[in-house]
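Structure file entry-v3.txt (compact mmCIF, N, CA and C atoms) is printed below.
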# COMPACT_ATOMS: atom_id res chain seq x y z
N MET A 1 187.63 179.35 222.53
CA MET A 1 188.93 178.73 222.78
C MET A 1 189.47 178.18 221.46
N LYS A 2 190.75 178.40 221.26
CA LYS A 2 191.41 177.86 220.08
C LYS A 2 191.75 176.39 220.30
N LEU A 3 191.88 175.67 219.20
CA LEU A 3 192.15 174.24 219.28
C LEU A 3 193.45 173.95 220.01
N ALA A 4 194.51 174.70 219.75
CA ALA A 4 195.79 174.45 220.41
C ALA A 4 195.64 174.51 221.93
N GLY A 5 194.88 175.47 222.43
CA GLY A 5 194.65 175.59 223.86
C GLY A 5 193.86 174.42 224.41
N PHE A 6 192.86 173.98 223.68
CA PHE A 6 192.06 172.83 224.12
C PHE A 6 192.92 171.57 224.18
N LEU A 7 193.74 171.37 223.16
CA LEU A 7 194.59 170.18 223.11
C LEU A 7 195.66 170.21 224.20
N ALA A 8 196.07 171.39 224.62
CA ALA A 8 197.11 171.51 225.64
C ALA A 8 196.58 171.39 227.06
N GLN A 9 195.27 171.45 227.24
CA GLN A 9 194.71 171.37 228.59
C GLN A 9 195.03 170.04 229.25
N PRO A 10 195.25 170.06 230.55
CA PRO A 10 195.41 168.79 231.27
C PRO A 10 194.12 167.98 231.16
N ARG A 11 194.27 166.69 231.05
CA ARG A 11 193.11 165.81 230.94
C ARG A 11 193.12 164.81 232.08
N PRO A 12 191.95 164.51 232.62
CA PRO A 12 191.91 163.46 233.65
C PRO A 12 192.20 162.10 233.02
N VAL A 13 192.39 161.12 233.86
CA VAL A 13 192.60 159.75 233.40
C VAL A 13 191.33 159.27 232.70
N TRP A 14 191.52 158.48 231.64
CA TRP A 14 190.39 157.92 230.90
C TRP A 14 189.47 157.16 231.84
N ASP A 15 188.17 157.38 231.66
CA ASP A 15 187.17 156.52 232.31
C ASP A 15 185.91 156.56 231.45
N TRP A 16 185.03 155.62 231.67
CA TRP A 16 183.82 155.48 230.87
C TRP A 16 182.65 156.27 231.44
N VAL A 17 182.90 157.11 232.44
CA VAL A 17 181.82 157.88 233.04
C VAL A 17 181.94 159.36 232.68
N GLN A 18 183.18 159.91 232.74
CA GLN A 18 183.34 161.34 232.51
C GLN A 18 184.37 161.71 231.44
N HIS A 19 185.26 160.79 231.09
CA HIS A 19 186.34 161.19 230.19
C HIS A 19 186.74 160.05 229.26
N ASP A 20 186.07 159.99 228.14
CA ASP A 20 186.42 159.04 227.09
C ASP A 20 186.47 159.81 225.77
N CYS A 21 186.67 159.14 224.67
CA CYS A 21 186.84 159.85 223.39
C CYS A 21 185.62 160.67 223.03
N CYS A 22 184.42 160.15 223.25
CA CYS A 22 183.22 160.90 222.88
C CYS A 22 182.98 162.08 223.80
N ARG A 23 183.17 161.88 225.09
CA ARG A 23 182.95 162.99 226.01
C ARG A 23 183.99 164.09 225.83
N TRP A 24 185.18 163.72 225.42
CA TRP A 24 186.22 164.72 225.16
C TRP A 24 185.82 165.59 223.96
N VAL A 25 185.37 164.96 222.87
CA VAL A 25 184.92 165.71 221.69
C VAL A 25 183.66 166.51 222.04
N ASP A 26 182.79 165.93 222.84
CA ASP A 26 181.58 166.61 223.30
C ASP A 26 181.95 167.93 224.00
N ARG A 27 182.98 167.89 224.84
CA ARG A 27 183.42 169.13 225.52
C ARG A 27 183.92 170.16 224.51
N TRP A 28 184.61 169.73 223.46
CA TRP A 28 185.06 170.66 222.42
C TRP A 28 183.87 171.33 221.76
N VAL A 29 182.83 170.57 221.46
CA VAL A 29 181.62 171.14 220.86
C VAL A 29 181.03 172.20 221.81
N GLN A 30 181.00 171.90 223.08
CA GLN A 30 180.43 172.83 224.05
C GLN A 30 181.26 174.11 224.19
N THR A 31 182.59 174.03 223.99
CA THR A 31 183.42 175.24 224.09
C THR A 31 183.08 176.25 223.00
N HIS A 32 182.33 175.82 221.99
CA HIS A 32 181.94 176.72 220.91
C HIS A 32 180.51 177.22 221.07
N GLY A 33 179.99 177.11 222.28
CA GLY A 33 178.68 177.68 222.56
C GLY A 33 177.51 176.78 222.21
N HIS A 34 177.79 175.55 221.84
CA HIS A 34 176.71 174.61 221.55
C HIS A 34 176.41 173.80 222.80
N GLY A 35 175.29 173.14 222.78
CA GLY A 35 174.98 172.21 223.86
C GLY A 35 175.81 170.94 223.71
N SER A 36 175.51 169.98 224.53
CA SER A 36 176.19 168.70 224.52
C SER A 36 175.44 167.71 223.64
N PRO A 37 176.08 167.18 222.59
CA PRO A 37 175.43 166.16 221.78
C PRO A 37 175.08 164.92 222.61
N ILE A 38 175.93 164.59 223.56
CA ILE A 38 175.67 163.42 224.41
C ILE A 38 174.44 163.66 225.28
N ALA A 39 174.35 164.82 225.90
CA ALA A 39 173.19 165.14 226.73
C ALA A 39 171.93 165.25 225.88
N ALA A 40 172.05 165.79 224.67
CA ALA A 40 170.88 165.92 223.79
C ALA A 40 170.26 164.56 223.49
N LEU A 41 171.08 163.53 223.49
CA LEU A 41 170.59 162.18 223.24
C LEU A 41 170.10 161.49 224.51
N GLY A 42 170.40 162.10 225.65
CA GLY A 42 170.09 161.43 226.92
C GLY A 42 170.97 160.20 227.09
N LEU A 43 172.17 160.26 226.51
CA LEU A 43 173.07 159.12 226.49
C LEU A 43 173.75 158.92 227.84
N ILE A 44 173.52 157.78 228.43
CA ILE A 44 174.13 157.44 229.72
C ILE A 44 174.80 156.08 229.58
N TYR A 45 176.06 156.01 229.97
CA TYR A 45 176.78 154.74 230.03
C TYR A 45 177.87 154.88 231.07
N ASP A 46 178.26 153.76 231.66
CA ASP A 46 179.22 153.83 232.75
C ASP A 46 180.30 152.75 232.66
N SER A 47 180.37 152.09 231.52
CA SER A 47 181.38 151.06 231.33
C SER A 47 181.58 150.86 229.83
N GLU A 48 182.67 150.21 229.48
CA GLU A 48 182.90 149.91 228.07
C GLU A 48 181.74 149.10 227.52
N ARG A 49 181.28 148.13 228.29
CA ARG A 49 180.18 147.27 227.83
C ARG A 49 178.91 148.08 227.56
N SER A 50 178.53 148.96 228.48
CA SER A 50 177.31 149.74 228.26
C SER A 50 177.49 150.76 227.13
N ALA A 51 178.70 151.30 226.97
CA ALA A 51 178.96 152.21 225.85
C ALA A 51 178.83 151.47 224.52
N MET A 52 179.42 150.30 224.43
CA MET A 52 179.34 149.51 223.19
C MET A 52 177.90 149.10 222.89
N ARG A 53 177.14 148.79 223.92
CA ARG A 53 175.73 148.43 223.72
C ARG A 53 174.96 149.62 223.15
N ARG A 54 175.17 150.81 223.71
CA ARG A 54 174.48 152.00 223.20
C ARG A 54 174.87 152.31 221.76
N ILE A 55 176.16 152.17 221.45
CA ILE A 55 176.62 152.41 220.08
C ILE A 55 175.98 151.41 219.13
N ALA A 56 175.97 150.14 219.50
CA ALA A 56 175.38 149.10 218.64
C ALA A 56 173.88 149.32 218.46
N GLU A 57 173.19 149.66 219.54
CA GLU A 57 171.75 149.90 219.46
C GLU A 57 171.41 151.06 218.53
N SER A 58 172.31 152.03 218.43
CA SER A 58 172.05 153.21 217.60
C SER A 58 172.41 152.99 216.13
N GLY A 59 173.14 151.92 215.84
CA GLY A 59 173.55 151.67 214.46
C GLY A 59 174.98 152.09 214.18
N GLY A 60 175.72 152.46 215.22
CA GLY A 60 177.12 152.84 215.06
C GLY A 60 177.38 154.23 215.60
N LEU A 61 178.66 154.52 215.81
CA LEU A 61 179.05 155.80 216.39
C LEU A 61 178.70 156.97 215.47
N ALA A 62 178.87 156.80 214.16
CA ALA A 62 178.55 157.88 213.22
C ALA A 62 177.06 158.22 213.29
N VAL A 63 176.21 157.21 213.39
CA VAL A 63 174.76 157.44 213.48
C VAL A 63 174.43 158.14 214.80
N LEU A 64 175.06 157.69 215.86
CA LEU A 64 174.83 158.29 217.18
C LEU A 64 175.19 159.77 217.17
N TRP A 65 176.38 160.10 216.67
CA TRP A 65 176.81 161.50 216.60
C TRP A 65 175.93 162.31 215.65
N GLN A 66 175.53 161.72 214.53
CA GLN A 66 174.64 162.41 213.59
C GLN A 66 173.36 162.84 214.32
N ASP A 67 172.79 161.93 215.08
CA ASP A 67 171.55 162.23 215.81
C ASP A 67 171.79 163.31 216.86
N GLY A 68 172.86 163.17 217.65
CA GLY A 68 173.15 164.16 218.69
C GLY A 68 173.41 165.55 218.13
N MET A 69 174.18 165.63 217.06
CA MET A 69 174.47 166.94 216.46
C MET A 69 173.21 167.53 215.83
N ALA A 70 172.40 166.71 215.19
CA ALA A 70 171.16 167.21 214.59
C ALA A 70 170.23 167.78 215.64
N ARG A 71 170.19 167.17 216.82
CA ARG A 71 169.36 167.68 217.90
C ARG A 71 169.82 169.06 218.37
N LEU A 72 171.09 169.37 218.11
CA LEU A 72 171.63 170.70 218.44
C LEU A 72 171.51 171.67 217.27
N GLY A 73 171.00 171.17 216.15
CA GLY A 73 170.87 172.01 214.96
C GLY A 73 172.16 172.13 214.16
N ILE A 74 173.10 171.22 214.36
CA ILE A 74 174.37 171.24 213.65
C ILE A 74 174.34 170.17 212.57
N MET A 75 174.37 170.60 211.32
CA MET A 75 174.27 169.67 210.20
C MET A 75 175.66 169.24 209.73
N PRO A 76 175.77 168.07 209.13
CA PRO A 76 177.07 167.59 208.65
C PRO A 76 177.64 168.49 207.56
N THR A 77 178.94 168.41 207.39
CA THR A 77 179.63 169.18 206.36
C THR A 77 180.59 168.28 205.61
N ASP A 78 180.86 168.63 204.37
CA ASP A 78 181.89 167.94 203.58
C ASP A 78 183.19 168.74 203.57
N VAL A 79 183.14 169.98 204.08
CA VAL A 79 184.30 170.86 204.09
C VAL A 79 184.92 170.84 205.48
N LEU A 80 186.11 170.29 205.59
CA LEU A 80 186.79 170.22 206.88
C LEU A 80 187.54 171.51 207.17
N THR A 81 187.22 172.11 208.30
CA THR A 81 187.95 173.29 208.76
C THR A 81 188.58 172.93 210.10
N VAL A 82 189.63 173.64 210.46
CA VAL A 82 190.30 173.37 211.74
C VAL A 82 189.27 173.44 212.87
N GLY A 83 189.26 172.41 213.69
CA GLY A 83 188.34 172.34 214.82
C GLY A 83 187.05 171.60 214.53
N ALA A 84 186.85 171.20 213.27
CA ALA A 84 185.67 170.40 212.96
C ALA A 84 185.73 169.10 213.75
N VAL A 85 184.57 168.56 214.07
CA VAL A 85 184.53 167.27 214.75
C VAL A 85 184.00 166.23 213.78
N GLY A 86 184.37 165.00 214.04
CA GLY A 86 183.91 163.95 213.16
C GLY A 86 183.99 162.59 213.78
N VAL A 87 183.44 161.65 213.08
CA VAL A 87 183.60 160.24 213.41
C VAL A 87 184.47 159.67 212.31
N ILE A 88 185.62 159.14 212.72
CA ILE A 88 186.60 158.65 211.76
C ILE A 88 186.67 157.13 211.79
N GLN A 89 187.24 156.60 210.73
CA GLN A 89 187.46 155.16 210.63
C GLN A 89 188.86 154.85 211.14
N ARG A 90 188.92 154.08 212.23
CA ARG A 90 190.19 153.63 212.77
C ARG A 90 189.91 152.60 213.86
N SER A 91 190.84 151.77 214.11
CA SER A 91 190.65 150.82 215.20
C SER A 91 190.84 151.55 216.52
N THR A 92 190.12 151.09 217.53
CA THR A 92 190.14 151.75 218.83
C THR A 92 190.31 150.73 219.95
N ILE A 93 190.43 151.21 221.16
CA ILE A 93 190.61 150.33 222.31
C ILE A 93 189.41 149.43 222.54
N CYS A 94 188.26 149.84 222.08
CA CYS A 94 187.06 149.05 222.32
C CYS A 94 186.70 148.18 221.12
N SER A 95 187.68 147.93 220.26
CA SER A 95 187.52 147.03 219.11
C SER A 95 186.49 147.49 218.10
N GLN A 96 186.21 148.76 218.08
CA GLN A 96 185.32 149.32 217.08
C GLN A 96 186.17 149.92 215.97
N ASP A 97 185.58 150.19 214.84
CA ASP A 97 186.30 150.81 213.74
C ASP A 97 185.90 152.27 213.56
N GLU A 98 185.36 152.87 214.61
CA GLU A 98 184.95 154.26 214.57
C GLU A 98 185.43 154.96 215.85
N ALA A 99 185.79 156.22 215.71
CA ALA A 99 186.21 157.01 216.87
C ALA A 99 185.77 158.45 216.67
N ALA A 100 185.41 159.12 217.76
CA ALA A 100 185.13 160.54 217.72
C ALA A 100 186.46 161.28 217.68
N ALA A 101 186.54 162.35 216.88
CA ALA A 101 187.82 163.02 216.67
C ALA A 101 187.61 164.49 216.34
N ILE A 102 188.72 165.22 216.40
CA ILE A 102 188.75 166.65 216.03
C ILE A 102 189.77 166.83 214.91
N TRP A 103 189.42 167.61 213.90
CA TRP A 103 190.29 167.87 212.75
C TRP A 103 191.27 169.00 213.08
N THR A 104 192.57 168.74 212.92
CA THR A 104 193.59 169.76 213.21
C THR A 104 193.94 170.61 212.00
N GLY A 105 193.43 170.27 210.85
CA GLY A 105 193.81 170.94 209.62
C GLY A 105 194.73 170.07 208.79
N GLU A 106 195.39 169.12 209.43
CA GLU A 106 196.29 168.19 208.75
C GLU A 106 195.93 166.74 209.00
N ARG A 107 195.40 166.47 210.18
CA ARG A 107 195.04 165.10 210.56
C ARG A 107 194.02 165.16 211.68
N TRP A 108 193.52 164.01 212.05
CA TRP A 108 192.54 163.90 213.12
C TRP A 108 193.25 163.62 214.44
N VAL A 109 192.68 164.13 215.51
CA VAL A 109 193.19 163.83 216.85
C VAL A 109 192.06 163.17 217.63
N THR A 110 192.39 162.06 218.25
CA THR A 110 191.45 161.33 219.08
C THR A 110 192.03 161.19 220.48
N LEU A 111 191.18 160.86 221.42
CA LEU A 111 191.62 160.60 222.78
C LEU A 111 191.58 159.09 223.01
N GLY A 112 192.70 158.56 223.49
CA GLY A 112 192.77 157.15 223.83
C GLY A 112 193.24 156.97 225.25
N LEU A 113 193.42 155.74 225.63
CA LEU A 113 193.85 155.43 227.00
C LEU A 113 195.15 156.11 227.38
N ARG A 114 196.05 156.27 226.42
CA ARG A 114 197.36 156.86 226.71
C ARG A 114 197.46 158.34 226.40
N GLY A 115 196.35 158.94 226.02
CA GLY A 115 196.36 160.36 225.69
C GLY A 115 195.92 160.62 224.27
N LEU A 116 196.40 161.72 223.72
CA LEU A 116 195.99 162.13 222.38
C LEU A 116 196.75 161.33 221.32
N ASP A 117 196.04 161.02 220.25
CA ASP A 117 196.62 160.29 219.13
C ASP A 117 196.29 161.05 217.85
N TYR A 118 197.32 161.44 217.13
CA TYR A 118 197.16 162.19 215.88
C TYR A 118 197.42 161.25 214.71
N ALA A 119 196.49 161.21 213.75
CA ALA A 119 196.68 160.32 212.61
C ALA A 119 195.79 160.74 211.45
N PRO A 120 196.25 160.47 210.24
CA PRO A 120 195.35 160.65 209.10
C PRO A 120 194.29 159.55 209.15
N ALA A 121 193.10 159.85 208.71
CA ALA A 121 192.04 158.86 208.69
C ALA A 121 190.90 159.35 207.81
N GLY A 122 190.17 158.41 207.30
CA GLY A 122 188.95 158.77 206.57
C GLY A 122 187.85 159.08 207.58
N HIS A 123 186.98 160.01 207.23
CA HIS A 123 185.88 160.31 208.15
C HIS A 123 184.56 159.82 207.57
N LEU A 124 183.69 159.39 208.48
CA LEU A 124 182.37 158.93 208.09
C LEU A 124 181.38 160.07 208.08
N LYS A 125 181.51 160.96 209.06
CA LYS A 125 180.69 162.17 209.19
C LYS A 125 181.55 163.25 209.81
N ALA A 126 181.26 164.50 209.49
CA ALA A 126 181.97 165.63 210.09
C ALA A 126 181.03 166.81 210.24
N TRP A 127 181.33 167.63 211.24
CA TRP A 127 180.52 168.81 211.53
C TRP A 127 181.45 169.97 211.88
N SER A 128 181.14 171.15 211.35
CA SER A 128 181.88 172.36 211.72
C SER A 128 181.25 172.90 212.99
N VAL A 129 182.11 173.20 213.96
CA VAL A 129 181.61 173.80 215.19
C VAL A 129 182.24 175.16 215.31
Since I need it in another form, could you write the structure as structure tokens?
Amino acid sequence: MKLAGFLAQPRPVWDWVQHDCCRWVDRWVQTHGHGSPIAALGLIYDSERSAMRRIAESGGLAVLWQDGMARLGIMPTDVLTVGAVGVIQRSTICSQDEAAAIWTGERWVTLGLRGLDYAPAGHLKAWSV
């Protein structure tokens, strides 16, 4: 699936069980024939509080994604290509300074409470999928 098609798909309402920023990016990774980084970690959370606890326990979102992607055999990259996934630096709804995102070739797109948000941002880690 091409990125434009993925971004155009209807999305369910945000929730902390099936559809949040990390699970949305996780689905993009899976559309490229990879497993789920979230499932590879055995990551389970069902509320903002439990998600933040898991992120804090892991040392941050970038560390969490690094571990999940490594378990799938996907190593970080410094070369951003369209469709790459990453953990970017930006403020989020959960008061963190990290968000899971997809690179469009010009800027990062993240999923928030109100839908997709496109913005330039620095990335902490990135992976080509």
* Using only C-alpha atoms, which residues sit within 7 Å of Thr110 of chain A once same-chain residues fewer than 2 positions away are excluded, as a VMD selection string? -> chain A and resid 21 100 to 102 108 112 116 to 118
* In Å to one decimal, how far is atom CA of Ala84 of chain A from atom CA of Gly59 of chain A? ->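 Computed distance, atom CA of Gly59 of chain A to atom CA of Ala84 of chain A, equals 22.4 Å.
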* To do: Write down as an NGL selection string the residues of chain A whose backbone DSSP state falls under helix (DSSP H, G or I).
  => :A and (3-8 or 21-30 or 37-41 or 48-58 or 61-71)
* Test item: residues at most 7 Å from Gly35 of chain A, only N, CA and C atoms, excluding those fewer than 4 positions along its chain, as a list in words -> Asp26, Val29, Gln30, Ala39, Ala40 and Leu72 of chain A
* Kindly give the distance, in Å, that separates atom C of Val25 of chain A and atom CA of Ile88 of chain A, rounded to a single decimal. =>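 It comes out at 13.3 Å.
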* From the DSSP assignment of the backbone, select every residue of chain A that is strand (DSSP E), and format the answer as a list in words. => Val85, Gly86, Val87, Ile88, Gln89, Glu98, Ala99, Ala100, Ala101, Ile102, Trp103, Trp108, Val109, Thr110, Leu111, Gly112, Gly115, Leu116, Asp117, Tyr118, Ala119, His123, Leu124, Lys125, Ala126 and Trp127 of chain A
* To do: To one decimal in Å, tell me the separation between atom C of Ser91 of chain A and atom CA of Gly73 of chain A.
  =>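 We find that atom C of Ser91 of chain A and atom CA of Gly73 of chain A lie 28.6 Å from each other.
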Name the residues in contact with Gly86 of chain A at a cut-off of 8 Å, using all atoms listed in the file, excluding same-chain residues fewer than 3 positions from it; report them as a compact mmCIF listing (two decimals) with N, CA and C atoms, in the coordinates of the input.
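Contents of selection.txt, as written:
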# COMPACT_ATOMS: atom_id res chain seq x y z
N VAL A 25 185.37 164.96 222.87
CA VAL A 25 184.92 165.71 221.69
C VAL A 25 183.66 166.51 222.04
N LEU A 61 178.66 154.52 215.81
CA LEU A 61 179.05 155.80 216.39
C LEU A 61 178.70 156.97 215.47
N ALA A 62 178.87 156.80 214.16
CA ALA A 62 178.55 157.88 213.22
C ALA A 62 177.06 158.22 213.29
N TRP A 65 176.38 160.10 216.67
CA TRP A 65 176.81 161.50 216.60
C TRP A 65 175.93 162.31 215.65
N GLY A 83 189.26 172.41 213.69
CA GLY A 83 188.34 172.34 214.82
C GLY A 83 187.05 171.60 214.53
N GLN A 89 187.24 156.60 210.73
CA GLN A 89 187.46 155.16 210.63
C GLN A 89 188.86 154.85 211.14
N ALA A 99 185.79 156.22 215.71
CA ALA A 99 186.21 157.01 216.87
C ALA A 99 185.77 158.45 216.67
N ALA A 100 185.41 159.12 217.76
CA ALA A 100 185.13 160.54 217.72
C ALA A 100 186.46 161.28 217.68
N ALA A 101 186.54 162.35 216.88
CA ALA A 101 187.82 163.02 216.67
C ALA A 101 187.61 164.49 216.34
N ILE A 102 188.72 165.22 216.40
CA ILE A 102 188.75 166.65 216.03
C ILE A 102 189.77 166.83 214.91
N TRP A 103 189.42 167.61 213.90
CA TRP A 103 190.29 167.87 212.75
C TRP A 103 191.27 169.00 213.08
N HIS A 123 186.98 160.01 207.23
CA HIS A 123 185.88 160.31 208.15
C HIS A 123 184.56 159.82 207.57
N LEU A 124 183.69 159.39 208.48
CA LEU A 124 182.37 158.93 208.09
C LEU A 124 181.38 160.07 208.08
N LYS A 125 181.51 160.96 209.06
CA LYS A 125 180.69 162.17 209.19
C LYS A 125 181.55 163.25 209.81
N ALA A 126 181.26 164.50 209.49
CA ALA A 126 181.97 165.63 210.09
C ALA A 126 181.03 166.81 210.24
N TRP A 127 181.33 167.63 211.24
CA TRP A 127 180.52 168.81 211.53
C TRP A 127 181.45 169.97 211.88
N SER A 128 181.14 171.15 211.35
CA SER A 128 181.88 172.36 211.72
C SER A 128 181.25 172.90 212.99
